[in-house]
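Here is the structure we will look at.
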Amino acid sequence: MRAEDIKQVQDIAHKTWNSTYEGIIPLDVQENFLRSAYNDERMEQRMESSVIFVVDISGKVVGFANFSQVNKDGIVGLAAIYIYPEFQGKGIGSALLQKGIKALDGVKEIFVDVEKDNLSGLKFYEAKAFEVVREFDDDFDGHILKTIEMVLKV
């Protein structure tokens, strides 16, 4: 990801969240999260402290994946794989995941948290051989989410 991709990544996050979490997370809670997690300053911090890959199709960024740095034990956190809804189901998420696995030197395990009612997300990660580690309640801006932590052993 480059600095000039920030606005497109912010738009992808916004549209994907609204599409994915409609009826699961109240819209005001979504908007609060998106404003804090994807504002310009936070995006610059993400670019400095984590690894973000984008997929560009015909000059337009249509998806991205945000990985943490690999820690000393070979563990990586996957913060997001977000793809515009109209581009989902075309192998872009799989390609982003594979790019992370290949590019992150020393990765042994990738952890991701998925909201329990995000059925398309759960299905995606299960198809990629992620396994459930645990379920927990997550207080998300006053809204309790049922979260499933998953891991992929690389």
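Ordered as shown in the structure tokens, chains take letters A, B, and onward, while each chain numbers its residues from 1 and ligands are numbered from 1 in the order shown.
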(request) Considering only C-alpha atoms, return as a list in words whatever protein or nucleic-acid residues lie within 10 Å of Ala129 (chain A), sequence-local ones (same chain, fewer than 5 positions apart) excluded. (result)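 Once the nearby chain positions are removed, what remains is Phe124, Met150, Val151, Leu152, Lys153 and Val154 of chain A.
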Just write the chosen residues, N, CA and C atoms, as a compact mmCIF listing (two decimals), in the first residue's frame.
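Saved result, out-v3.txt, follows:
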```txt
# COMPACT_ATOMS: atom_id res chain seq x y z
N PHE A 124 -15.28 -18.07 4.66
CA PHE A 124 -14.01 -17.81 3.98
C PHE A 124 -12.84 -18.39 4.77
N MET A 150 -9.80 -17.25 15.41
CA MET A 150 -9.39 -18.37 14.58
C MET A 150 -7.90 -18.29 14.32
N VAL A 151 -7.30 -19.41 13.97
CA VAL A 151 -5.87 -19.45 13.67
C VAL A 151 -5.62 -20.33 12.45
N LEU A 152 -4.65 -19.89 11.66
CA LEU A 152 -4.15 -20.68 10.55
C LEU A 152 -2.71 -21.02 10.86
N LYS A 153 -2.41 -22.31 10.90
CA LYS A 153 -1.02 -22.75 11.09
C LYS A 153 -0.39 -22.84 9.70
N VAL A 154 0.68 -22.06 9.52
CA VAL A 154 1.30 -21.96 8.19
C VAL A 154 2.39 -23.01 8.03
```
(message) Let's see if you can do this: from backbone DSSP, list all strand (DSSP E or B) residues in region 10-119 of chain A, as a PyMOL selection string.
(response) chain A and resi 51-57+60-67+75-83+109-115
(message) So that I can check the surroundings of Val112 (chain A), please list as a ChimeraX atom specification every protein, DNA and RNA residue that reaches within 9 Å of it, counting only C-alpha atoms and ignoring chain neighbours fewer than 6 positions away.
(response) /A:76-80,125,130,148-152
For N, CA, C and O atoms, I'd like the residues from the last selection saved as a PDB file, in the first residue's frame.
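Now in selection.pdb:
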```pdb
ATOM      1  N   VAL A  76       1.274 -13.729  13.715  1.00  0.00           N
ATOM      2  CA  VAL A  76       0.800 -12.551  13.002  1.00  0.00           C
ATOM      3  C   VAL A  76      -0.688 -12.390  13.283  1.00  0.00           C
ATOM      4  O   VAL A  76      -1.427 -13.379  13.335  1.00  0.00           O
ATOM      5  N   GLY A  77      -1.117 -11.154  13.435  1.00  0.00           N
ATOM      6  CA  GLY A  77      -2.540 -10.860  13.525  1.00  0.00           C
ATOM      7  C   GLY A  77      -3.030 -10.355  12.181  1.00  0.00           C
ATOM      8  O   GLY A  77      -2.365  -9.546  11.539  1.00  0.00           O
ATOM      9  N   LEU A  78      -4.159 -10.852  11.755  1.00  0.00           N
ATOM     10  CA  LEU A  78      -4.799 -10.367  10.530  1.00  0.00           C
ATOM     11  C   LEU A  78      -5.937  -9.453  10.962  1.00  0.00           C
ATOM     12  O   LEU A  78      -6.958  -9.910  11.465  1.00  0.00           O
ATOM     13  N   ALA A  79      -5.733  -8.150  10.797  1.00  0.00           N
ATOM     14  CA  ALA A  79      -6.728  -7.171  11.229  1.00  0.00           C
ATOM     15  C   ALA A  79      -7.884  -7.077  10.248  1.00  0.00           C
ATOM     16  O   ALA A  79      -9.013  -6.805  10.646  1.00  0.00           O
ATOM     17  N   ALA A  80      -7.606  -7.295   8.965  1.00  0.00           N
ATOM     18  CA  ALA A  80      -8.666  -7.123   7.972  1.00  0.00           C
ATOM     19  C   ALA A  80      -8.288  -7.734   6.638  1.00  0.00           C
ATOM     20  O   ALA A  80      -7.142  -7.660   6.218  1.00  0.00           O
ATOM     21  N   TYR A 125     -12.762 -18.046   6.067  1.00  0.00           N
ATOM     22  CA  TYR A 125     -11.625 -18.497   6.871  1.00  0.00           C
ATOM     23  C   TYR A 125     -11.629 -20.011   7.072  1.00  0.00           C
ATOM     24  O   TYR A 125     -10.576 -20.647   7.048  1.00  0.00           O
ATOM     25  N   PHE A 130      -8.433 -22.158   8.479  1.00  0.00           N
ATOM     26  CA  PHE A 130      -8.366 -21.561   9.819  1.00  0.00           C
ATOM     27  C   PHE A 130      -9.199 -22.425  10.756  1.00  0.00           C
ATOM     28  O   PHE A 130     -10.230 -22.983  10.352  1.00  0.00           O
ATOM     29  N   ILE A 148     -15.355 -14.820  17.337  1.00  0.00           N
ATOM     30  CA  ILE A 148     -14.662 -16.107  17.220  1.00  0.00           C
ATOM     31  C   ILE A 148     -13.222 -15.823  16.809  1.00  0.00           C
ATOM     32  O   ILE A 148     -12.980 -15.191  15.784  1.00  0.00           O
ATOM     33  N   GLU A 149     -12.292 -16.274  17.644  1.00  0.00           N
ATOM     34  CA  GLU A 149     -10.869 -16.166  17.306  1.00  0.00           C
ATOM     35  C   GLU A 149     -10.479 -17.430  16.554  1.00  0.00           C
ATOM     36  O   GLU A 149     -10.792 -18.542  16.988  1.00  0.00           O
ATOM     37  N   MET A 150      -9.802 -17.246  15.410  1.00  0.00           N
ATOM     38  CA  MET A 150      -9.390 -18.367  14.584  1.00  0.00           C
ATOM     39  C   MET A 150      -7.900 -18.288  14.317  1.00  0.00           C
ATOM     40  O   MET A 150      -7.320 -17.198  14.399  1.00  0.00           O
ATOM     41  N   VAL A 151      -7.297 -19.410  13.975  1.00  0.00           N
ATOM     42  CA  VAL A 151      -5.870 -19.448  13.673  1.00  0.00           C
ATOM     43  C   VAL A 151      -5.615 -20.325  12.453  1.00  0.00           C
ATOM     44  O   VAL A 151      -6.286 -21.346  12.241  1.00  0.00           O
ATOM     45  N   LEU A 152      -4.653 -19.893  11.663  1.00  0.00           N
ATOM     46  CA  LEU A 152      -4.149 -20.684  10.550  1.00  0.00           C
ATOM     47  C   LEU A 152      -2.711 -21.016  10.855  1.00  0.00           C
ATOM     48  O   LEU A 152      -1.877 -20.127  11.054  1.00  0.00           O
TER      49      LEU A 152
END
```
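The closest residue to Met47 (chain A), picked from A:Leu122, A:Val29, A:Ile6, A:Leu104 and counting only C-alpha atoms, is A:Ile6.
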(message) What's the separation between CA of Phe53 (chain A) and CA of Leu119 (chain A), in Å to one decimal place?
(response)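 We find that CA of Phe53 (chain A) and CA of Leu119 (chain A) lie 23.7 Å from each other.
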(message) Using only C-alpha atoms, which protein or nucleic acid residues come within 7 Å of Thr147 (chain A)? Drop anything in the same chain fewer than 5 positions from it, and give the result as a list in words.
(response) Asp113, Val114, Glu115, Lys116, Glu135, Phe136, Asp137 and Asp138 of chain A
(request) Between A:Gly74, A:Gln88, A:His14, A:Val132, single out the one closest to Gly106 (chain A), counting only C-alpha atoms. (result) A:Gly74
(request) Extract, using only C-alpha atoms, all DNA, RNA and protein residues at most 12 Å from Arg2 (chain A), discarding same-chain residues fewer than 2 positions from it, and format them as a PyMOL selection string. (result) chain A and resi 4-9+43-44+46-48+51-56+61+64
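You will find CA of Ser120 (chain A) at 28.2 Å from CA of Ser49 (chain A).
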(message) To one decimal place in Å, what is the distance between CA of Ile75 (chain A) and CA of Ile110 (chain A)?
(response)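 Answer for the CA of Ile75 (chain A) to CA of Ile110 (chain A) separation: 6.0 Å.
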(request) Pick out the residues sitting within 10 Å of Ala37 (chain A), and hand them over as a list in words; count only C-alpha atoms, and ignore anything fewer than 4 positions along from it in its own chain. (result) Gln10, Ala13, Glu31, Asn32, Phe33, Glu41, Arg42, Met43 and Arg46 of chain A
(request) Give the helix (DSSP H, G or I) residues of chain A, as assigned by DSSP on the backbone, as JSON, numbers by chain. (result) {"A": [3, 4, 5, 6, 7, 8, 9, 10, 11, 12, 13, 14, 15, 16, 17, 18, 19, 20, 21, 27, 28, 29, 30, 31, 32, 33, 34, 35, 36, 37, 40, 41, 42, 43, 44, 45, 46, 47, 48, 49, 85, 86, 87, 92, 93, 94, 95, 96, 97, 98, 99, 100, 101, 102, 103, 119, 120, 121, 122, 123, 124, 125, 126, 127]}
